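Shown below: run07.json, with JSON, C-alpha atoms.
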```json
[["chain", "number", "residue", "atom", "x", "y", "z"],
["V", 51, "MET", "CA", 88.99, 48.70, 141.62],
["V", 52, "ASN", "CA", 89.15, 50.41, 144.89],
["V", 53, "ILE", "CA", 89.11, 47.92, 147.69],
["V", 54, "LYS", "CA", 89.43, 49.10, 151.22],
["V", 55, "LYS", "CA", 92.00, 47.64, 153.48],
["V", 56, "GLY", "CA", 90.73, 45.00, 155.82],
["V", 57, "ASN", "CA", 87.96, 44.17, 153.41],
["V", 58, "ASP", "CA", 88.99, 40.60, 152.89],
["V", 59, "MET", "CA", 87.23, 38.49, 150.30],
["V", 60, "ARG", "CA", 87.46, 34.81, 150.71],
["V", 61, "LEU", "CA", 87.24, 31.88, 148.44],
["V", 62, "MET", "CA", 86.18, 31.21, 144.92],
["V", 63, "ARG", "CA", 87.23, 33.74, 142.40],
["V", 64, "PHE", "CA", 84.36, 35.18, 140.44],
["V", 65, "GLN", "CA", 84.76, 34.75, 136.73],
["V", 66, "ARG", "CA", 82.64, 36.80, 134.46],
["V", 67, "PRO", "CA", 81.51, 34.35, 131.83],
["V", 68, "GLU", "CA", 80.37, 37.00, 129.37],
["V", 69, "VAL", "CA", 82.81, 36.42, 126.56],
["V", 70, "TRP", "CA", 83.54, 32.93, 125.47],
["V", 71, "ASN", "CA", 86.11, 32.57, 122.85],
["V", 72, "TRP", "CA", 83.86, 30.70, 120.50],
["V", 73, "SER", "CA", 86.40, 30.13, 117.80],
["V", 74, "ALA", "CA", 88.60, 28.26, 120.25],
["V", 75, "PHE", "CA", 85.63, 26.23, 121.40],
["V", 76, "ASP", "CA", 84.81, 25.36, 117.82],
["V", 77, "GLN", "CA", 88.06, 23.49, 117.60],
["V", 78, "LEU", "CA", 87.44, 21.79, 120.90],
["V", 79, "ASP", "CA", 83.93, 21.00, 119.80],
["V", 80, "ASN", "CA", 85.14, 18.83, 116.97],
["V", 81, "LEU", "CA", 87.47, 16.94, 119.24],
["V", 82, "ARG", "CA", 84.76, 16.52, 121.84],
["V", 83, "GLU", "CA", 82.39, 15.10, 119.29],
["V", 84, "GLU", "CA", 84.97, 12.56, 118.25],
["V", 85, "ILE", "CA", 85.51, 11.55, 121.85],
["V", 86, "ASN", "CA", 81.82, 11.39, 122.53],
["V", 87, "ARG", "CA", 81.32, 9.08, 119.62],
["V", 88, "LEU", "CA", 84.08, 6.91, 120.99],
["V", 89, "PHE", "CA", 82.27, 6.48, 124.26],
["V", 90, "GLU", "CA", 78.81, 6.64, 122.75],
["V", 91, "THR", "CA", 77.73, 9.17, 125.32],
["V", 92, "PRO", "CA", 74.73, 11.28, 124.40],
["V", 93, "ASN", "CA", 75.72, 14.63, 123.06],
["V", 94, "ASN", "CA", 74.02, 17.18, 125.24],
["V", 95, "GLY", "CA", 75.51, 20.31, 123.81],
["V", 96, "PHE", "CA", 78.47, 21.92, 125.39],
["V", 97, "ALA", "CA", 77.49, 21.25, 128.96],
["V", 98, "ARG", "CA", 79.64, 23.87, 130.50],
["V", 99, "SER", "CA", 78.02, 23.62, 133.89],
["V", 100, "GLU", "CA", 79.21, 20.05, 134.05],
["V", 101, "VAL", "CA", 82.65, 20.87, 132.82],
["V", 102, "LEU", "CA", 83.26, 23.63, 135.30],
["V", 103, "ASN", "CA", 80.98, 21.95, 137.81],
["V", 104, "SER", "CA", 79.79, 25.10, 139.51],
["V", 105, "TRP", "CA", 79.09, 28.74, 138.99],
["V", 106, "ALA", "CA", 79.45, 31.77, 141.21],
["V", 107, "PRO", "CA", 77.22, 34.82, 141.15],
["V", 108, "ALA", "CA", 78.75, 38.30, 141.04],
["V", 109, "LEU", "CA", 78.63, 40.13, 144.38],
["V", 110, "ASP", "CA", 78.68, 43.84, 145.16],
["V", 111, "LEU", "CA", 79.18, 45.30, 148.61],
["V", 112, "TYR", "CA", 77.95, 48.74, 149.69],
["V", 113, "GLU", "CA", 78.07, 50.61, 152.94],
["V", 114, "ASP", "CA", 76.00, 53.48, 154.20],
["V", 115, "LYS", "CA", 75.69, 55.04, 157.63],
["V", 116, "ASN", "CA", 73.64, 52.25, 159.16],
["V", 117, "ASN", "CA", 73.98, 49.21, 156.92],
["V", 118, "LEU", "CA", 76.19, 47.01, 154.88],
["V", 119, "VAL", "CA", 74.39, 45.97, 151.71],
["V", 120, "VAL", "CA", 75.33, 42.93, 149.62],
["V", 121, "LYS", "CA", 73.90, 42.50, 146.13],
["V", 122, "ALA", "CA", 74.17, 39.28, 144.17],
["V", 123, "GLU", "CA", 73.24, 38.64, 140.55],
["V", 124, "LEU", "CA", 71.05, 35.56, 140.64],
["V", 125, "PRO", "CA", 68.85, 35.61, 137.56],
["V", 126, "GLY", "CA", 66.16, 33.02, 137.13],
["V", 127, "LEU", "CA", 65.93, 31.67, 140.63],
["V", 128, "LYS", "CA", 62.93, 31.19, 142.80],
["V", 129, "LYS", "CA", 62.88, 32.86, 146.18],
["V", 130, "GLU", "CA", 62.76, 29.46, 147.85],
["V", 131, "GLU", "CA", 65.89, 28.30, 146.06],
["V", 132, "ILE", "CA", 68.13, 30.88, 147.71],
["V", 133, "GLU", "CA", 69.75, 30.07, 151.04],
["V", 134, "ILE", "CA", 71.31, 32.83, 153.09],
["V", 135, "SER", "CA", 73.27, 32.21, 156.25],
["V", 136, "PHE", "CA", 75.43, 34.26, 158.51],
["V", 137, "HIS", "CA", 78.14, 32.91, 160.75],
["V", 138, "ASP", "CA", 81.20, 34.38, 162.35],
["V", 139, "ARG", "CA", 81.05, 37.70, 160.45],
["V", 140, "ALA", "CA", 80.72, 35.90, 157.14],
["V", 141, "LEU", "CA", 77.67, 35.95, 154.90],
["V", 142, "THR", "CA", 77.03, 32.90, 152.76],
["V", 143, "ILE", "CA", 74.69, 32.91, 149.80],
["V", 144, "ALA", "CA", 73.98, 29.50, 148.31],
["V", 145, "GLY", "CA", 71.38, 27.67, 146.32],
["V", 146, "GLU", "CA", 70.74, 25.63, 143.26],
["V", 147, "ARG", "CA", 69.47, 26.53, 139.86],
["V", 148, "LYS", "CA", 67.58, 23.57, 138.52],
["V", 149, "HIS", "CA", 67.21, 22.59, 134.91],
["V", 150, "GLU", "CA", 63.77, 23.27, 133.57],
["V", 151, "LYS", "CA", 62.02, 19.96, 133.10],
["V", 152, "ALA", "CA", 59.81, 21.42, 130.41],
["V", 153, "TYR", "CA", 62.63, 21.57, 127.90],
["V", 154, "GLU", "CA", 63.44, 17.91, 128.03],
["V", 155, "GLY", "CA", 63.01, 16.28, 124.69],
["V", 156, "SER", "CA", 63.61, 19.45, 122.76],
["V", 157, "GLU", "CA", 66.75, 20.14, 120.87],
["V", 158, "THR", "CA", 69.24, 22.51, 122.44],
["V", 159, "SER", "CA", 71.00, 24.82, 120.06],
["V", 160, "ARG", "CA", 72.59, 27.06, 122.67],
["V", 161, "ALA", "CA", 73.46, 26.36, 126.28],
["V", 162, "GLU", "CA", 75.32, 29.25, 127.84],
["V", 163, "ARG", "CA", 73.44, 29.52, 131.11],
["V", 164, "PHE", "CA", 74.81, 27.83, 134.18],
["V", 165, "PHE", "CA", 72.82, 25.38, 136.19],
["V", 166, "GLY", "CA", 73.54, 23.57, 139.40],
["V", 167, "ARG", "CA", 74.71, 24.53, 142.84],
["V", 168, "PHE", "CA", 76.42, 27.74, 143.75],
["V", 169, "GLN", "CA", 77.84, 29.12, 146.95],
["V", 170, "ARG", "CA", 79.67, 32.27, 147.86],
["V", 171, "THR", "CA", 80.90, 33.49, 151.18],
["V", 172, "LEU", "CA", 81.79, 37.05, 151.91],
["V", 173, "ALA", "CA", 83.68, 38.10, 155.04],
["V", 174, "LEU", "CA", 82.16, 41.37, 156.15],
["V", 175, "PRO", "CA", 84.45, 44.25, 157.00],
["V", 176, "LYS", "CA", 82.32, 45.45, 159.95],
["V", 177, "ALA", "CA", 80.35, 43.94, 162.79],
["V", 178, "VAL", "CA", 76.67, 43.56, 162.00],
["V", 179, "ASP", "CA", 73.60, 42.70, 163.99],
["V", 180, "ALA", "CA", 72.90, 39.11, 162.91],
["V", 181, "ASN", "CA", 69.30, 39.22, 164.14],
["V", 182, "GLN", "CA", 68.37, 42.17, 161.95],
["V", 183, "ILE", "CA", 69.54, 40.89, 158.57],
["V", 184, "THR", "CA", 66.91, 41.15, 155.84],
["V", 185, "ALA", "CA", 66.89, 40.06, 152.21],
["V", 186, "SER", "CA", 64.83, 40.82, 149.12],
["V", 187, "TYR", "CA", 64.84, 39.55, 145.55],
["V", 188, "LYS", "CA", 63.88, 41.60, 142.52],
["V", 189, "ASP", "CA", 64.65, 41.35, 138.79],
["V", 190, "GLY", "CA", 67.12, 38.58, 139.46],
["V", 191, "ILE", "CA", 69.10, 40.56, 142.01],
["V", 192, "LEU", "CA", 69.30, 39.51, 145.63],
["V", 193, "THR", "CA", 69.80, 42.33, 148.10],
["V", 194, "VAL", "CA", 70.88, 41.48, 151.63],
["V", 195, "THR", "CA", 70.79, 44.33, 154.13],
["V", 196, "LEU", "CA", 72.93, 43.89, 157.23],
["V", 197, "PRO", "CA", 72.49, 46.59, 159.87],
["V", 198, "LYS", "CA", 75.75, 47.53, 161.49],
["V", 199, "SER", "CA", 76.04, 46.80, 165.17],
["V", 200, "GLU", "CA", 76.15, 49.82, 167.43],
["V", 201, "GLU", "CA", 79.92, 49.77, 167.94],
["V", 202, "ALA", "CA", 80.53, 49.71, 164.19],
["V", 203, "LYS", "CA", 78.49, 52.82, 163.49],
["V", 204, "PRO", "CA", 80.21, 56.14, 163.19],
["V", 205, "ARG", "CA", 79.65, 58.27, 166.22],
["V", 206, "GLN", "CA", 80.19, 61.89, 167.00],
["V", 207, "ILE", "CA", 81.69, 62.60, 170.40],
["V", 208, "GLU", "CA", 80.77, 65.87, 171.82],
["V", 209, "VAL", "CA", 83.45, 67.81, 173.63],
["V", 210, "LYS", "CA", 82.16, 69.33, 176.79],
["V", 211, "THR", "CA", 83.52, 72.52, 178.22],
["V", 212, "LYS", "CA", 83.96, 72.83, 181.91],
["K", 182, "MET", "CA", 77.41, 37.44, 108.64],
["K", 183, "LYS", "CA", 78.28, 40.05, 111.20],
["K", 184, "ASN", "CA", 80.22, 38.54, 114.00],
["K", 185, "ASN", "CA", 78.17, 39.93, 116.83],
["K", 186, "THR", "CA", 75.00, 38.17, 115.89],
["K", 187, "THR", "CA", 73.81, 34.77, 116.91],
["K", 188, "THR", "CA", 72.16, 32.64, 114.29],
["K", 189, "LEU", "CA", 68.99, 31.06, 115.46],
["K", 190, "GLU", "CA", 68.99, 28.09, 113.19],
["K", 191, "ASN", "CA", 70.21, 24.56, 113.38],
["K", 192, "SER", "CA", 73.60, 25.85, 112.53],
["K", 193, "SER", "CA", 76.80, 25.45, 114.43],
["K", 194, "VAL", "CA", 78.23, 28.07, 116.70],
["K", 195, "THR", "CA", 79.31, 31.30, 115.08],
["K", 196, "THR", "CA", 81.94, 33.62, 116.41],
["K", 197, "GLU", "CA", 80.57, 36.66, 118.09],
["K", 198, "ARG", "CA", 81.71, 39.59, 120.12],
["K", 199, "PRO", "CA", 79.69, 41.81, 122.39],
["K", 200, "PHE", "CA", 78.57, 45.19, 121.12],
["K", 201, "LYS", "CA", 80.87, 47.90, 122.34],
["K", 202, "GLY", "CA", 79.80, 49.19, 125.71],
["K", 203, "TYR", "CA", 77.37, 46.35, 126.29],
["K", 204, "LEU", "CA", 77.36, 43.01, 127.99],
["K", 205, "LEU", "CA", 76.44, 39.94, 126.01],
["K", 206, "PRO", "CA", 73.64, 38.23, 127.91],
["K", 207, "GLN", "CA", 74.04, 34.48, 128.23],
["K", 208, "VAL", "CA", 71.35, 32.61, 126.40],
["K", 209, "ASN", "CA", 69.86, 29.18, 126.15],
["K", 210, "ILE", "CA", 68.02, 28.32, 122.97],
["K", 211, "VAL", "CA", 65.97, 25.20, 122.51],
["K", 212, "GLU", "CA", 64.03, 24.11, 119.49],
["K", 213, "THR", "CA", 60.75, 22.30, 119.77],
["K", 214, "GLN", "CA", 58.24, 21.21, 117.17],
["K", 215, "GLU", "CA", 56.31, 24.41, 117.83],
["K", 216, "GLY", "CA", 59.21, 26.79, 117.52],
["K", 217, "TYR", "CA", 62.13, 28.16, 119.45],
["K", 218, "LEU", "CA", 62.43, 29.14, 123.06],
["K", 219, "LEU", "CA", 65.14, 31.62, 123.94],
["K", 220, "GLU", "CA", 66.14, 32.54, 127.47],
["K", 221, "ALA", "CA", 68.53, 35.39, 128.17],
["K", 222, "GLU", "CA", 69.96, 36.27, 131.56],
["K", 223, "MET", "CA", 69.70, 39.96, 132.33],
["K", 224, "PRO", "CA", 69.89, 40.45, 136.07],
["K", 225, "GLY", "CA", 68.83, 43.94, 137.13],
["K", 226, "VAL", "CA", 66.56, 44.47, 134.14],
["K", 227, "GLY", "CA", 62.84, 44.84, 134.67],
["K", 228, "LYS", "CA", 60.00, 45.14, 132.20],
["K", 229, "GLU", "CA", 60.58, 48.90, 131.89],
["K", 230, "GLY", "CA", 64.21, 48.46, 130.91],
["K", 231, "LEU", "CA", 63.63, 45.91, 128.20],
["K", 232, "GLU", "CA", 63.61, 46.52, 124.45],
["K", 233, "VAL", "CA", 62.97, 43.86, 121.88],
["K", 234, "ALA", "CA", 63.26, 45.03, 118.29],
["K", 235, "LEU", "CA", 62.79, 43.20, 115.04],
["K", 236, "GLU", "CA", 64.39, 44.44, 111.86],
["K", 237, "GLY", "CA", 64.02, 42.19, 108.88],
["K", 238, "ASN", "CA", 65.08, 38.83, 110.21],
["K", 239, "GLU", "CA", 67.28, 40.31, 112.92],
["K", 240, "LEU", "CA", 65.99, 40.36, 116.44],
["K", 241, "THR", "CA", 67.79, 42.59, 118.92],
["K", 242, "ILE", "CA", 67.31, 42.49, 122.65],
["K", 243, "VAL", "CA", 68.49, 45.35, 124.84],
["K", 244, "GLY", "CA", 68.25, 45.40, 128.63],
["K", 245, "HIS", "CA", 68.81, 48.59, 130.59],
["K", 246, "LYS", "CA", 69.63, 48.12, 134.23],
["K", 247, "ALA", "CA", 67.49, 50.00, 136.68],
["K", 248, "GLN", "CA", 69.59, 52.86, 138.02],
["K", 249, "GLU", "CA", 69.37, 53.17, 141.74],
["K", 250, "GLN", "CA", 69.76, 56.42, 143.55],
["K", 251, "SER", "CA", 71.74, 55.55, 146.60],
["K", 252, "SER", "CA", 74.02, 57.39, 148.94],
["K", 253, "ALA", "CA", 75.76, 54.18, 149.88],
["K", 254, "GLU", "CA", 79.46, 53.90, 149.29],
["K", 255, "LEU", "CA", 80.66, 51.11, 147.05],
["K", 256, "LEU", "CA", 83.24, 48.95, 148.82],
["K", 257, "TYR", "CA", 83.58, 46.12, 146.35],
["K", 258, "ARG", "CA", 82.15, 45.42, 142.94],
["K", 259, "GLU", "CA", 82.03, 42.38, 140.69],
["K", 260, "SER", "CA", 78.92, 43.13, 138.68],
["K", 261, "SER", "CA", 79.08, 45.26, 135.57],
["K", 262, "GLN", "CA", 77.23, 48.52, 135.14],
["K", 263, "LYS", "CA", 76.87, 47.97, 131.43],
["K", 264, "ASP", "CA", 73.54, 47.29, 129.79],
["K", 265, "TYR", "CA", 72.86, 44.11, 127.88],
["K", 266, "ARG", "CA", 72.55, 43.75, 124.15],
["K", 267, "ARG", "CA", 72.51, 40.87, 121.71],
["K", 268, "THR", "CA", 71.28, 40.32, 118.17],
["K", 269, "PHE", "CA", 69.94, 37.10, 116.72],
["K", 270, "VAL", "CA", 69.41, 36.17, 113.11],
["K", 271, "LEU", "CA", 66.11, 34.38, 112.95],
["K", 272, "ASP", "CA", 65.35, 31.18, 111.17],
["K", 273, "PRO", "CA", 63.12, 32.12, 108.20],
["K", 274, "THR", "CA", 60.55, 29.57, 109.36],
["K", 275, "ILE", "CA", 59.74, 31.72, 112.41],
["K", 276, "ASN", "CA", 56.44, 33.53, 112.31],
["K", 277, "THR", "CA", 57.71, 36.95, 113.40],
["K", 278, "SER", "CA", 54.25, 38.36, 113.99],
["K", 279, "ARG", "CA", 53.68, 35.91, 116.83],
["K", 280, "ILE", "CA", 56.88, 36.42, 118.85],
["K", 281, "GLN", "CA", 56.25, 36.83, 122.56],
["K", 282, "ALA", "CA", 58.54, 38.26, 125.23],
["K", 283, "ARG", "CA", 58.37, 38.00, 128.98],
["K", 284, "ILE", "CA", 60.87, 38.96, 131.66],
["K", 285, "GLU", "CA", 60.81, 37.39, 135.07],
["K", 286, "ASN", "CA", 63.44, 37.41, 137.81],
["K", 287, "GLY", "CA", 66.01, 38.84, 135.45],
["K", 288, "VAL", "CA", 65.52, 36.21, 132.75],
["K", 289, "LEU", "CA", 64.00, 37.17, 129.43],
["K", 290, "THR", "CA", 62.02, 34.42, 127.75],
["K", 291, "LEU", "CA", 61.23, 34.78, 124.06],
["K", 292, "THR", "CA", 58.80, 32.43, 122.39],
["K", 293, "LEU", "CA", 59.38, 32.25, 118.65],
["K", 294, "PRO", "CA", 56.74, 30.08, 117.01],
["K", 295, "LYS", "CA", 57.28, 28.47, 113.65],
["K", 296, "ALA", "CA", 54.93, 29.22, 110.82],
["K", 297, "GLU", "CA", 52.15, 26.66, 110.50],
["K", 298, "GLU", "CA", 53.27, 25.35, 107.13],
["K", 299, "VAL", "CA", 56.69, 24.27, 108.37],
["K", 300, "LYS", "CA", 55.54, 22.38, 111.45],
["K", 301, "PRO", "CA", 55.87, 18.67, 111.10],
["K", 302, "ARG", "CA", 52.52, 17.06, 110.61],
["K", 303, "ARG", "CA", 51.14, 13.64, 110.10],
["K", 304, "ILE", "CA", 49.58, 12.99, 106.74],
["K", 305, "GLN", "CA", 46.57, 10.76, 106.75],
["K", 306, "VAL", "CA", 46.84, 7.85, 104.41],
["K", 307, "THR", "CA", 43.66, 7.36, 102.49],
["K", 308, "ASP", "CA", 42.57, 4.12, 100.94]]
```
Go ahead and render the structure in this file as structure tokens.
Amino acid sequence: MNIKKGNDMRLMRFQRPEVWNWSAFDQLDNLREEINRLFETPNNGFARSEVLNSWAPALDLYEDKNNLVVKAELPGLKKEEIEISFHDRALTIAGERKHEKAYEGSETSRAERFFGRFQRTLALPKAVDANQITASYKDGILTVTLPKSEEAKPRQIEVKTK
Amino acid sequence: MKNNTTTLENSSVTTERPFKGYLLPQVNIVETQEGYLLEAEMPGVGKEGLEVALEGNELTIVGHKAQEQSSAELLYRESSQKDYRRTFVLDPTINTSRIQARIENGVLTLTLPKAEEVKPRRIQVTD
């Protein structure tokens, strides 16, 4: 990965949860069931979201002449559930994915999706105009466009002849 | 059983690996009296990029990400450019002619109804 200098990323490390080592979890599963029985807790599948307690969406950062663009993978959220804030050159994307009430009472045979709160903060490498930030959400991808402030834009200086 | 398929039955977890060159979408599967409900996360995939194919009792979902033409320079990337793909072995009680698919906000929802004859039903007791 080619990361530019001065492009500092803060906080929580993103972990791509695409490949679970199921065979290892199988073993754990048996143990967990034993323990659950011990405590007589209801067995609600392998509630990973509760084990890891949070999830973090993947972020991409782009730059063109006039804007910085941040894209976040946030499938299955409602527009109203996404909170975007900007403070001190850092963009924060947060929100909560709620469990669907409709599925209560049905039997879960797979639970790989993450639910619950998430938050990510990205320190931007350039100054942006905080008042001009816009965001859109399509196909589960949030796109935040941050126009660069005037001093951060590239500028051609003309040399005058006398 | 191939190890990159997910069995959609009341069975325990099977080992599986993603198809080469593809991402394995994360799924939730719940079973109700009416059938199964399967949700798969495919951010970046719209209706145009979605393929759902049934072959025998194997259901394959493929999600192609919309390719964007952009002159912007990539500074940092965490997302994957790969498309999504996953295969499920269906419970034989599923009525495959009535499967429905819908994609919304990057989440595919498949409704897989059970055949009428296998649904639990109350039998009237006659005198």
For this session: Extract, using only C-alpha atoms, all DNA, RNA and protein residues at most 7 Å from K:Ile275, discarding same-chain residues fewer than 5 positions from it, and format them as a PyMOL selection string.
Result: chain K and resi 293-296
For this session: Give me, as an MDAnalysis selection string, the contact residues of chain V against chain K at a cut-off of 7 Å, counting all atoms listed in the file.
Result: chainID V and resid 53:54 68 72:73 108:114 123:127 156:163 188:191
For this session: One decimal, Å: what's the distance from atom CA of V:Ser186 over to atom CA of V:Glu131, could you say?
Result: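 It comes out at 12.9 Å.
One finds atom CA of K:Ser278 at 12.0 Å from atom CA of K:Ala234.
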Exercise. Suppose you want the space between atom CA of K:Arg302 and atom CA of K:Thr277; what is it in Å?
Worked result: 20.7 Å
Exercise. For V:Ser199, which residue among V:Ser135, V:Asn181, V:Gln169, V:Thr142 is the nearest when counting only C-alpha atoms?
Worked result: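 Using only C-alpha atoms, the shortest distance to V:Ser199 belongs to V:Asn181.
Each of V:Asp179, V:Glu208, V:Glu201, V:Glu146 was compared to V:Trp105 using only C-alpha atoms, and V:Glu146 turns out to be the nearest.
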Problem set entry | Residue contacts of V:Ile134 (9 Å, only C-alpha atoms) excluding same-chain residues fewer than 6 positions away, as a PyMOL selection string | chain V and resi 141-145+185+194
How big is the axis-aligned box around the listed atoms of stretch 132-143 of chain V once 5 Å is added on each side, and where is its centre? Give both in Å to one decimal, as lines of an AutoDock Vina configuration file.
```
center_x = 74.7
center_y = 33.9
center_z = 155.0
size_x = 23.1
size_y = 17.6
size_z = 24.6
```
